[in-house]
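Source file: run33.cif (mmCIF, N, CA and C atoms)
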data_coords
#
loop_
_atom_site.label_atom_id
_atom_site.label_comp_id
_atom_site.auth_asym_id
_atom_site.auth_seq_id
_atom_site.Cartn_x
_atom_site.Cartn_y
_atom_site.Cartn_z
N MET A 1 37.29 -43.03 7.42
CA MET A 1 38.70 -42.86 7.61
C MET A 1 39.33 -44.22 7.83
N SER A 2 40.45 -44.42 7.21
CA SER A 2 41.10 -45.73 7.32
C SER A 2 41.84 -45.83 8.64
N GLU A 3 42.18 -47.07 8.97
CA GLU A 3 42.87 -47.33 10.23
C GLU A 3 44.26 -46.72 10.25
N SER A 4 44.97 -46.71 9.12
CA SER A 4 46.31 -46.12 9.06
C SER A 4 46.25 -44.61 9.23
N ALA A 5 45.17 -43.98 8.76
CA ALA A 5 45.03 -42.53 8.90
C ALA A 5 44.82 -42.14 10.36
N THR A 6 44.07 -42.95 11.10
CA THR A 6 43.85 -42.63 12.51
C THR A 6 45.10 -42.89 13.33
N ASN A 7 45.92 -43.86 12.94
CA ASN A 7 47.15 -44.13 13.68
C ASN A 7 48.20 -43.04 13.47
N THR A 8 48.23 -42.47 12.28
CA THR A 8 49.22 -41.44 11.98
C THR A 8 48.73 -40.04 12.33
N ALA A 9 47.46 -39.90 12.71
CA ALA A 9 46.93 -38.58 13.07
C ALA A 9 47.65 -38.08 14.32
N LYS A 10 47.80 -36.79 14.35
CA LYS A 10 48.49 -36.16 15.47
C LYS A 10 47.66 -36.31 16.74
N LYS A 11 48.30 -36.79 17.80
CA LYS A 11 47.60 -36.96 19.06
C LYS A 11 47.35 -35.59 19.69
N ARG A 12 46.13 -35.38 20.12
CA ARG A 12 45.77 -34.09 20.73
C ARG A 12 46.37 -33.99 22.11
N PRO A 13 46.79 -32.79 22.51
CA PRO A 13 47.35 -32.63 23.85
C PRO A 13 46.29 -32.88 24.92
N GLU A 14 46.75 -33.39 26.02
CA GLU A 14 45.84 -33.70 27.12
C GLU A 14 45.98 -32.60 28.17
N PHE A 15 44.88 -31.98 28.54
CA PHE A 15 44.88 -30.94 29.55
C PHE A 15 44.29 -31.50 30.82
N ARG A 16 44.89 -31.13 31.94
CA ARG A 16 44.38 -31.60 33.22
C ARG A 16 44.59 -30.50 34.25
N ASN A 17 43.89 -30.60 35.33
CA ASN A 17 44.10 -29.65 36.42
C ASN A 17 45.43 -29.95 37.10
N ILE A 18 46.06 -28.89 37.61
CA ILE A 18 47.33 -29.11 38.29
C ILE A 18 47.10 -29.21 39.78
N ASN A 19 47.97 -29.92 40.42
CA ASN A 19 47.96 -30.03 41.87
C ASN A 19 49.04 -29.10 42.39
N ALA A 20 48.65 -28.09 43.15
CA ALA A 20 49.60 -27.06 43.59
C ALA A 20 50.73 -27.66 44.44
N PHE A 21 50.46 -28.70 45.19
CA PHE A 21 51.49 -29.25 46.07
C PHE A 21 52.48 -30.16 45.35
N SER A 22 52.04 -30.84 44.31
CA SER A 22 52.95 -31.76 43.63
C SER A 22 53.51 -31.19 42.32
N ASP A 23 52.73 -30.38 41.61
CA ASP A 23 53.17 -29.89 40.31
C ASP A 23 53.97 -28.58 40.38
N LEU A 24 53.55 -27.66 41.22
CA LEU A 24 54.21 -26.35 41.24
C LEU A 24 55.66 -26.37 41.73
N PRO A 25 56.02 -27.16 42.74
CA PRO A 25 57.43 -27.17 43.15
C PRO A 25 58.39 -27.65 42.06
N SER A 26 57.92 -28.49 41.15
CA SER A 26 58.79 -29.00 40.10
C SER A 26 58.74 -28.15 38.83
N TYR A 27 57.84 -27.16 38.79
CA TYR A 27 57.71 -26.31 37.60
C TYR A 27 58.84 -25.29 37.61
N ARG A 28 59.50 -25.15 36.48
CA ARG A 28 60.61 -24.20 36.36
C ARG A 28 60.13 -22.99 35.58
N LEU A 29 59.89 -21.91 36.30
CA LEU A 29 59.39 -20.68 35.69
C LEU A 29 60.53 -19.99 34.94
N PRO A 30 60.32 -19.60 33.69
CA PRO A 30 61.37 -18.90 32.94
C PRO A 30 61.63 -17.52 33.54
N ILE A 31 62.80 -16.98 33.27
CA ILE A 31 63.19 -15.70 33.86
C ILE A 31 62.25 -14.58 33.44
N ALA A 32 61.70 -14.66 32.24
CA ALA A 32 60.73 -13.65 31.80
C ALA A 32 59.47 -13.70 32.67
N GLY A 33 59.08 -14.88 33.09
CA GLY A 33 57.93 -15.03 33.98
C GLY A 33 58.22 -14.48 35.36
N ILE A 34 59.43 -14.69 35.83
CA ILE A 34 59.83 -14.16 37.14
C ILE A 34 59.80 -12.64 37.11
N VAL A 35 60.35 -12.04 36.03
CA VAL A 35 60.35 -10.58 35.91
C VAL A 35 58.91 -10.05 35.83
N SER A 36 58.05 -10.76 35.14
CA SER A 36 56.65 -10.34 35.03
C SER A 36 55.96 -10.37 36.39
N ILE A 37 56.19 -11.41 37.15
CA ILE A 37 55.60 -11.50 38.49
C ILE A 37 56.17 -10.41 39.39
N LEU A 38 57.49 -10.19 39.33
CA LEU A 38 58.10 -9.14 40.15
C LEU A 38 57.62 -7.75 39.74
N HIS A 39 57.26 -7.57 38.47
CA HIS A 39 56.70 -6.30 38.02
C HIS A 39 55.38 -6.03 38.74
N ARG A 40 54.57 -7.05 38.87
CA ARG A 40 53.30 -6.92 39.58
C ARG A 40 53.53 -6.70 41.07
N VAL A 41 54.48 -7.44 41.65
CA VAL A 41 54.78 -7.30 43.07
C VAL A 41 55.30 -5.90 43.37
N SER A 42 56.19 -5.39 42.52
CA SER A 42 56.74 -4.06 42.77
C SER A 42 55.65 -2.99 42.65
N GLY A 43 54.73 -3.16 41.73
CA GLY A 43 53.60 -2.23 41.63
C GLY A 43 52.73 -2.27 42.87
N ALA A 44 52.49 -3.46 43.40
CA ALA A 44 51.68 -3.60 44.62
C ALA A 44 52.40 -2.98 45.81
N ILE A 45 53.72 -3.17 45.91
CA ILE A 45 54.48 -2.57 47.01
C ILE A 45 54.36 -1.05 46.96
N MET A 46 54.53 -0.49 45.78
CA MET A 46 54.44 0.97 45.67
C MET A 46 53.02 1.46 45.97
N PHE A 47 52.02 0.71 45.56
CA PHE A 47 50.64 1.11 45.83
C PHE A 47 50.34 1.09 47.32
N PHE A 48 50.69 0.00 47.99
CA PHE A 48 50.35 -0.12 49.41
C PHE A 48 51.21 0.77 50.30
N LEU A 49 52.39 1.13 49.86
CA LEU A 49 53.23 2.02 50.65
C LEU A 49 53.11 3.48 50.21
N MET A 50 52.10 3.81 49.42
CA MET A 50 51.90 5.18 48.98
C MET A 50 51.77 6.17 50.15
N PRO A 51 51.06 5.84 51.24
CA PRO A 51 51.03 6.79 52.37
C PRO A 51 52.43 7.06 52.93
N PHE A 52 53.27 6.04 52.99
CA PHE A 52 54.65 6.22 53.47
C PHE A 52 55.44 7.11 52.50
N ILE A 53 55.24 6.92 51.21
CA ILE A 53 55.92 7.73 50.20
C ILE A 53 55.48 9.19 50.33
N ILE A 54 54.20 9.43 50.49
CA ILE A 54 53.70 10.79 50.63
C ILE A 54 54.24 11.42 51.91
N TRP A 55 54.27 10.66 53.01
CA TRP A 55 54.82 11.18 54.26
C TRP A 55 56.30 11.53 54.08
N MET A 56 57.08 10.66 53.42
CA MET A 56 58.50 10.95 53.21
C MET A 56 58.67 12.23 52.41
N PHE A 57 57.91 12.37 51.34
CA PHE A 57 58.03 13.56 50.50
C PHE A 57 57.63 14.81 51.26
N ASP A 58 56.50 14.75 51.96
CA ASP A 58 56.01 15.91 52.70
C ASP A 58 56.98 16.31 53.81
N SER A 59 57.49 15.33 54.53
CA SER A 59 58.40 15.62 55.64
C SER A 59 59.74 16.15 55.16
N SER A 60 60.14 15.75 54.00
CA SER A 60 61.47 16.16 53.54
C SER A 60 61.49 17.57 52.98
N ILE A 61 60.33 18.13 52.58
CA ILE A 61 60.35 19.46 51.96
C ILE A 61 59.54 20.51 52.71
N SER A 62 58.81 20.17 53.76
CA SER A 62 57.93 21.13 54.42
C SER A 62 58.70 22.22 55.15
N SER A 63 59.58 21.81 56.05
CA SER A 63 60.34 22.78 56.83
C SER A 63 61.60 22.10 57.36
N GLU A 64 62.44 22.90 57.98
CA GLU A 64 63.66 22.32 58.56
C GLU A 64 63.34 21.41 59.73
N ILE A 65 62.31 21.76 60.49
CA ILE A 65 61.92 20.94 61.64
C ILE A 65 61.36 19.60 61.18
N SER A 66 60.50 19.61 60.17
CA SER A 66 59.94 18.35 59.67
C SER A 66 61.03 17.50 59.02
N PHE A 67 62.02 18.15 58.38
CA PHE A 67 63.12 17.38 57.80
C PHE A 67 63.97 16.75 58.91
N ALA A 68 64.13 17.44 60.04
CA ALA A 68 64.87 16.86 61.17
C ALA A 68 64.12 15.65 61.73
N LYS A 69 62.79 15.73 61.81
CA LYS A 69 61.99 14.58 62.26
C LYS A 69 62.11 13.43 61.26
N PHE A 70 62.12 13.78 59.98
CA PHE A 70 62.28 12.79 58.92
C PHE A 70 63.60 12.06 59.07
N LYS A 71 64.69 12.78 59.26
CA LYS A 71 66.00 12.16 59.44
C LYS A 71 66.04 11.32 60.72
N ALA A 72 65.39 11.81 61.78
CA ALA A 72 65.37 11.08 63.05
C ALA A 72 64.63 9.76 62.92
N ALA A 73 63.60 9.71 62.08
CA ALA A 73 62.86 8.46 61.89
C ALA A 73 63.77 7.39 61.31
N PHE A 74 64.69 7.78 60.43
CA PHE A 74 65.60 6.81 59.82
C PHE A 74 66.82 6.54 60.69
N ASN A 75 67.17 7.47 61.56
CA ASN A 75 68.35 7.27 62.41
C ASN A 75 68.01 6.56 63.72
N THR A 76 66.98 7.04 64.42
CA THR A 76 66.67 6.48 65.74
C THR A 76 65.37 5.69 65.78
N GLY A 77 64.52 5.89 64.80
CA GLY A 77 63.27 5.14 64.75
C GLY A 77 62.06 6.02 64.99
N MET A 78 60.89 5.40 64.84
CA MET A 78 59.63 6.11 64.98
C MET A 78 58.53 5.07 65.19
N LEU A 79 57.52 5.42 65.99
CA LEU A 79 56.37 4.55 66.25
C LEU A 79 56.79 3.19 66.80
N HIS A 80 57.76 3.18 67.68
CA HIS A 80 58.30 1.97 68.32
C HIS A 80 58.91 0.99 67.32
N VAL A 81 59.31 1.51 66.17
CA VAL A 81 60.00 0.71 65.15
C VAL A 81 61.38 1.30 64.97
N PRO A 82 62.43 0.47 65.05
CA PRO A 82 63.79 1.01 64.92
C PRO A 82 64.04 1.63 63.54
N GLY A 83 64.97 2.56 63.50
CA GLY A 83 65.30 3.25 62.27
C GLY A 83 65.78 2.33 61.17
N PHE A 84 66.43 1.24 61.55
CA PHE A 84 66.93 0.27 60.57
C PHE A 84 65.79 -0.31 59.74
N ILE A 85 64.66 -0.57 60.38
CA ILE A 85 63.50 -1.13 59.68
C ILE A 85 62.94 -0.10 58.69
N TRP A 86 62.87 1.18 59.11
CA TRP A 86 62.39 2.23 58.20
C TRP A 86 63.33 2.35 57.00
N THR A 87 64.61 2.18 57.24
CA THR A 87 65.58 2.24 56.14
C THR A 87 65.38 1.06 55.20
N LEU A 88 65.10 -0.11 55.73
CA LEU A 88 64.82 -1.28 54.87
C LEU A 88 63.54 -1.08 54.06
N VAL A 89 62.54 -0.43 54.64
CA VAL A 89 61.31 -0.14 53.90
C VAL A 89 61.62 0.82 52.75
N ALA A 90 62.45 1.82 53.03
CA ALA A 90 62.86 2.75 51.97
C ALA A 90 63.65 2.02 50.89
N LEU A 91 64.50 1.07 51.29
CA LEU A 91 65.25 0.28 50.31
C LEU A 91 64.31 -0.57 49.45
N ALA A 92 63.29 -1.15 50.08
CA ALA A 92 62.30 -1.92 49.31
C ALA A 92 61.57 -1.03 48.32
N LEU A 93 61.28 0.19 48.71
CA LEU A 93 60.64 1.13 47.79
C LEU A 93 61.56 1.51 46.65
N ILE A 94 62.84 1.67 46.94
CA ILE A 94 63.81 1.97 45.88
C ILE A 94 63.83 0.83 44.87
N TRP A 95 63.92 -0.41 45.37
CA TRP A 95 63.92 -1.56 44.44
C TRP A 95 62.62 -1.61 43.66
N ALA A 96 61.48 -1.42 44.35
CA ALA A 96 60.19 -1.53 43.68
C ALA A 96 60.08 -0.50 42.55
N TYR A 97 60.50 0.73 42.82
CA TYR A 97 60.42 1.75 41.79
C TYR A 97 61.33 1.41 40.61
N LEU A 98 62.59 1.07 40.90
CA LEU A 98 63.54 0.78 39.82
C LEU A 98 63.09 -0.41 38.99
N HIS A 99 62.69 -1.48 39.66
CA HIS A 99 62.27 -2.67 38.92
C HIS A 99 61.01 -2.39 38.11
N HIS A 100 60.05 -1.71 38.73
CA HIS A 100 58.79 -1.45 38.03
C HIS A 100 59.03 -0.56 36.82
N PHE A 101 59.90 0.43 36.96
CA PHE A 101 60.19 1.33 35.85
C PHE A 101 60.88 0.59 34.71
N ILE A 102 61.93 -0.16 35.02
CA ILE A 102 62.70 -0.85 33.98
C ILE A 102 61.85 -1.94 33.32
N ALA A 103 61.12 -2.70 34.12
CA ALA A 103 60.25 -3.73 33.54
C ALA A 103 59.13 -3.10 32.73
N GLY A 104 58.64 -1.95 33.15
CA GLY A 104 57.61 -1.25 32.38
C GLY A 104 58.12 -0.80 31.02
N VAL A 105 59.35 -0.28 31.00
CA VAL A 105 59.96 0.10 29.73
C VAL A 105 60.14 -1.13 28.85
N ARG A 106 60.53 -2.24 29.46
CA ARG A 106 60.67 -3.51 28.71
C ARG A 106 59.34 -3.92 28.09
N HIS A 107 58.27 -3.84 28.87
CA HIS A 107 56.95 -4.22 28.35
C HIS A 107 56.50 -3.27 27.25
N LEU A 108 56.75 -1.97 27.42
CA LEU A 108 56.38 -1.01 26.37
C LEU A 108 57.15 -1.29 25.08
N TRP A 109 58.43 -1.62 25.22
CA TRP A 109 59.24 -1.95 24.04
C TRP A 109 58.66 -3.17 23.33
N MET A 110 58.32 -4.19 24.11
CA MET A 110 57.78 -5.40 23.48
C MET A 110 56.41 -5.14 22.86
N ASP A 111 55.61 -4.25 23.45
CA ASP A 111 54.30 -3.94 22.89
C ASP A 111 54.42 -3.17 21.58
N THR A 112 55.41 -2.28 21.48
CA THR A 112 55.53 -1.47 20.27
C THR A 112 56.36 -2.13 19.18
N HIS A 113 57.18 -3.09 19.53
CA HIS A 113 58.02 -3.78 18.56
C HIS A 113 57.73 -5.28 18.57
N HIS A 114 56.45 -5.61 18.51
CA HIS A 114 56.05 -7.02 18.64
C HIS A 114 56.60 -7.91 17.54
N ASP A 115 56.95 -7.35 16.39
CA ASP A 115 57.49 -8.19 15.32
C ASP A 115 58.95 -8.57 15.59
N ALA A 116 59.64 -7.83 16.46
CA ALA A 116 61.04 -8.12 16.76
C ALA A 116 61.21 -8.93 18.03
N VAL A 117 60.12 -9.25 18.71
CA VAL A 117 60.20 -9.96 19.98
C VAL A 117 60.30 -11.46 19.73
N SER A 118 61.25 -12.06 20.39
CA SER A 118 61.43 -13.51 20.29
C SER A 118 61.66 -14.07 21.69
N LYS A 119 61.75 -15.37 21.76
CA LYS A 119 62.01 -16.00 23.05
C LYS A 119 63.38 -15.57 23.59
N GLU A 120 64.36 -15.48 22.71
CA GLU A 120 65.70 -15.06 23.12
C GLU A 120 65.70 -13.63 23.62
N PHE A 121 64.97 -12.75 22.92
CA PHE A 121 64.88 -11.35 23.38
C PHE A 121 64.19 -11.28 24.73
N GLY A 122 63.15 -12.07 24.92
CA GLY A 122 62.45 -12.09 26.20
C GLY A 122 63.36 -12.49 27.33
N GLN A 123 64.19 -13.51 27.10
CA GLN A 123 65.12 -13.95 28.14
C GLN A 123 66.21 -12.92 28.40
N SER A 124 66.78 -12.36 27.32
CA SER A 124 67.87 -11.40 27.51
C SER A 124 67.37 -10.10 28.12
N SER A 125 66.19 -9.63 27.72
CA SER A 125 65.67 -8.39 28.30
C SER A 125 65.24 -8.60 29.75
N ALA A 126 64.75 -9.79 30.08
CA ALA A 126 64.40 -10.08 31.47
C ALA A 126 65.66 -10.13 32.33
N THR A 127 66.72 -10.75 31.82
CA THR A 127 67.98 -10.78 32.55
C THR A 127 68.52 -9.37 32.75
N PHE A 128 68.46 -8.55 31.69
CA PHE A 128 68.90 -7.16 31.78
C PHE A 128 68.11 -6.42 32.85
N THR A 129 66.79 -6.62 32.86
CA THR A 129 65.93 -5.95 33.83
C THR A 129 66.32 -6.31 35.25
N LEU A 130 66.52 -7.60 35.51
CA LEU A 130 66.90 -8.02 36.85
C LEU A 130 68.27 -7.49 37.26
N VAL A 131 69.24 -7.61 36.37
CA VAL A 131 70.60 -7.18 36.69
C VAL A 131 70.65 -5.68 36.95
N VAL A 132 70.03 -4.89 36.09
CA VAL A 132 70.09 -3.43 36.24
C VAL A 132 69.31 -2.98 37.48
N SER A 133 68.12 -3.53 37.69
CA SER A 133 67.34 -3.09 38.85
C SER A 133 68.02 -3.48 40.17
N ILE A 134 68.56 -4.67 40.24
CA ILE A 134 69.25 -5.09 41.47
C ILE A 134 70.56 -4.32 41.63
N GLY A 135 71.28 -4.11 40.53
CA GLY A 135 72.53 -3.36 40.60
C GLY A 135 72.31 -1.93 41.07
N LEU A 136 71.33 -1.25 40.49
CA LEU A 136 71.04 0.12 40.92
C LEU A 136 70.52 0.16 42.36
N THR A 137 69.77 -0.85 42.76
CA THR A 137 69.30 -0.91 44.14
C THR A 137 70.47 -1.06 45.10
N ILE A 138 71.46 -1.87 44.74
CA ILE A 138 72.64 -2.02 45.60
C ILE A 138 73.40 -0.70 45.71
N VAL A 139 73.57 -0.01 44.58
CA VAL A 139 74.28 1.27 44.60
C VAL A 139 73.54 2.30 45.45
N LEU A 140 72.23 2.44 45.23
CA LEU A 140 71.45 3.41 45.99
C LEU A 140 71.27 2.97 47.45
N GLY A 141 71.23 1.66 47.68
CA GLY A 141 71.15 1.15 49.05
C GLY A 141 72.41 1.45 49.82
N ALA A 142 73.56 1.36 49.15
CA ALA A 142 74.82 1.71 49.81
C ALA A 142 74.82 3.18 50.21
N LYS A 143 74.27 4.04 49.35
CA LYS A 143 74.15 5.46 49.69
C LYS A 143 73.15 5.65 50.83
N LEU A 144 72.06 4.93 50.81
CA LEU A 144 71.04 5.02 51.84
C LEU A 144 71.60 4.64 53.21
N PHE A 145 72.44 3.61 53.24
CA PHE A 145 73.03 3.16 54.51
C PHE A 145 74.32 3.90 54.85
N GLY A 146 74.67 4.90 54.05
CA GLY A 146 75.81 5.75 54.38
C GLY A 146 77.17 5.13 54.09
N LEU A 147 77.26 4.22 53.14
CA LEU A 147 78.53 3.59 52.84
C LEU A 147 79.42 4.48 51.97
N TYR A 148 78.85 5.48 51.34
CA TYR A 148 79.65 6.46 50.61
C TYR A 148 78.98 7.80 50.65
#

Could I get this structure in the form of structure tokens?
Amino acid sequence: MSESATNTAKKRPEFRNINAFSDLPSYRLPIAGIVSILHRVSGAIMFFLMPFIIWMFDSSISSEISFAKFKAAFNTGMLHVPGFIWTLVALALIWAYLHHFIAGVRHLWMDTHHDAVSKEFGQSSATFTLVVSIGLTIVLGAKLFGLY
């Protein structure tokens, strides 16, 4: 190989290990990456709070007495935890479900229409997912806190 051919050859990319303390704070994660991470977080929240979800469902439909205890847990508290905290946990579950559902539909769409997926679609669908999930959470949270 001649010297001019080696000079004009494309330089190979250099890979190195990252330093979490110096490299990660300056890394700008794209919105699609944020939505993907939040999809995993929302799934984990729903998984770990499954006993709370089952308790809420069981208490709300078993009897009038259990429904009164259910309402009291959110109004006055339960297990030495104020009712406001239980309401915030319910709000976190509302967000987790909405975000996980909408992001899941987004992922299914991208899996089935892989030829139509582009970087622009990824950004716009991720923005849509965040806006709709947060917007619906605010609306349902206002109902949860009795604002309407």

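Pairwise distance (atom CA of Ile53 of chain A, atom CA of Val89 of chain A) equals 10.2 Å.
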
### Query
Using all atoms listed in the file, which residue out of A:Ser124, A:Ser63, A:Thr87, A:Ser22 lies closest to Leu144 of chain A?
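When distances to Leu144 of chain A are compared using all atoms listed in the file, the smallest one comes from A:Thr87.
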
### Task
Using atom N of Leu38 of chain A and atom CA of Ala103 of chain A as the two end points, give the distance in Å to one decimal.
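Calculated distance between atom N of Leu38 of chain A and atom CA of Ala103 of chain A is 9.1 Å.
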
Would you compute, for all listed atoms of segment 125-140 of chain A, the axis-aligned bounding box grown by 3 Å on each side, and then report its centre and edge lengths in Å rounded to one decimal, as JSON?
{"center_x": 69.3, "center_y": -3.7, "center_z": 37.6, "size_x": 15.9, "size_y": 20.2, "size_z": 25.7}

### Query
Looking at A:Ser133, A:Ala116, A:Lys71, A:Pro82, which one is nearest to Leu98 of chain A, with distances taken over all atoms listed in the file?
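Of the candidates, the smallest distance to Leu98 of chain A is held by A:Ser133.
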
### Message
When you count only C-alpha atoms, which of these residues is closest to Ala126 of chain A: A:His114, A:Trp55, A:His99, A:Trp86?
### Response
A:His99

### Query
Could you write out, as JSON, numbers by chain, all the residues of chain A that DSSP marks as alpha helix (DSSP H)?
{"A": [3, 4, 5, 6, 7, 8, 31, 32, 33, 34, 35, 36, 37, 38, 39, 40, 41, 42, 43, 44, 45, 46, 47, 48, 50, 51, 52, 53, 54, 55, 56, 57, 58, 59, 60, 61, 64, 65, 66, 67, 68, 69, 70, 71, 72, 73, 74, 75, 83, 84, 85, 86, 87, 88, 89, 90, 91, 92, 93, 94, 95, 96, 97, 98, 99, 100, 101, 102, 103, 104, 105, 106, 107, 108, 109, 110, 111, 112, 119, 120, 121, 122, 123, 124, 125, 126, 127, 128, 129, 130, 131, 132, 133, 134, 135, 136, 137, 138, 139, 140, 141, 142, 143, 144]}

### Message
What's around segment 25-31 of chain A at 10 Å? Count only C-alpha atoms, leave out sequence neighbours fewer than 5 positions away in its own chain, and write the answer as JSON, numbers by chain.
### Response
{"A": [19, 20, 36, 37, 122, 123, 124, 125, 126, 127, 130]}

### Query
If you measure from atom CA of Ile102 of chain A to atom CA of Thr129 of chain A, what distance in Å do you get, rounded to one decimal?
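That distance, rounded to one decimal, is 6.0 Å.
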
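Among the candidate residues A:Ala72, A:His100, A:Phe57, A:Met110, the one lying nearest to Arg40 of chain A is A:His100, with distances computed using all atoms listed in the file.
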
Any chance you could tabulate, as JSON lines, the residues of segment 78-143 of chain A at most 12 Å from segment 48-51 of chain A with each one's nearest atom pair and distance in Å to one decimal, using only C-alpha atoms, in chain and rising number order?
{"residue": "A:Trp86", "atom": "CA", "partner": "A:Leu49", "partner_atom": "CA", "distance": 11.9}
{"residue": "A:Val89", "atom": "CA", "partner": "A:Leu49", "partner_atom": "CA", "distance": 9.0}
{"residue": "A:Ala90", "atom": "CA", "partner": "A:Leu49", "partner_atom": "CA", "distance": 9.7}
{"residue": "A:Ala92", "atom": "CA", "partner": "A:Leu49", "partner_atom": "CA", "distance": 10.0}
{"residue": "A:Leu93", "atom": "CA", "partner": "A:Leu49", "partner_atom": "CA", "distance": 8.0}
{"residue": "A:Ile94", "atom": "CA", "partner": "A:Leu49", "partner_atom": "CA", "distance": 11.6}
{"residue": "A:Ala96", "atom": "CA", "partner": "A:Leu49", "partner_atom": "CA", "distance": 10.5}
{"residue": "A:Tyr97", "atom": "CA", "partner": "A:Leu49", "partner_atom": "CA", "distance": 11.4}

### Task
Starting from the displayed file, determine the output of the PyMOL selection byres (((chain A and resi 145 and name CA) around 10) and name CA) and express the residue list as a count of residues only.
13
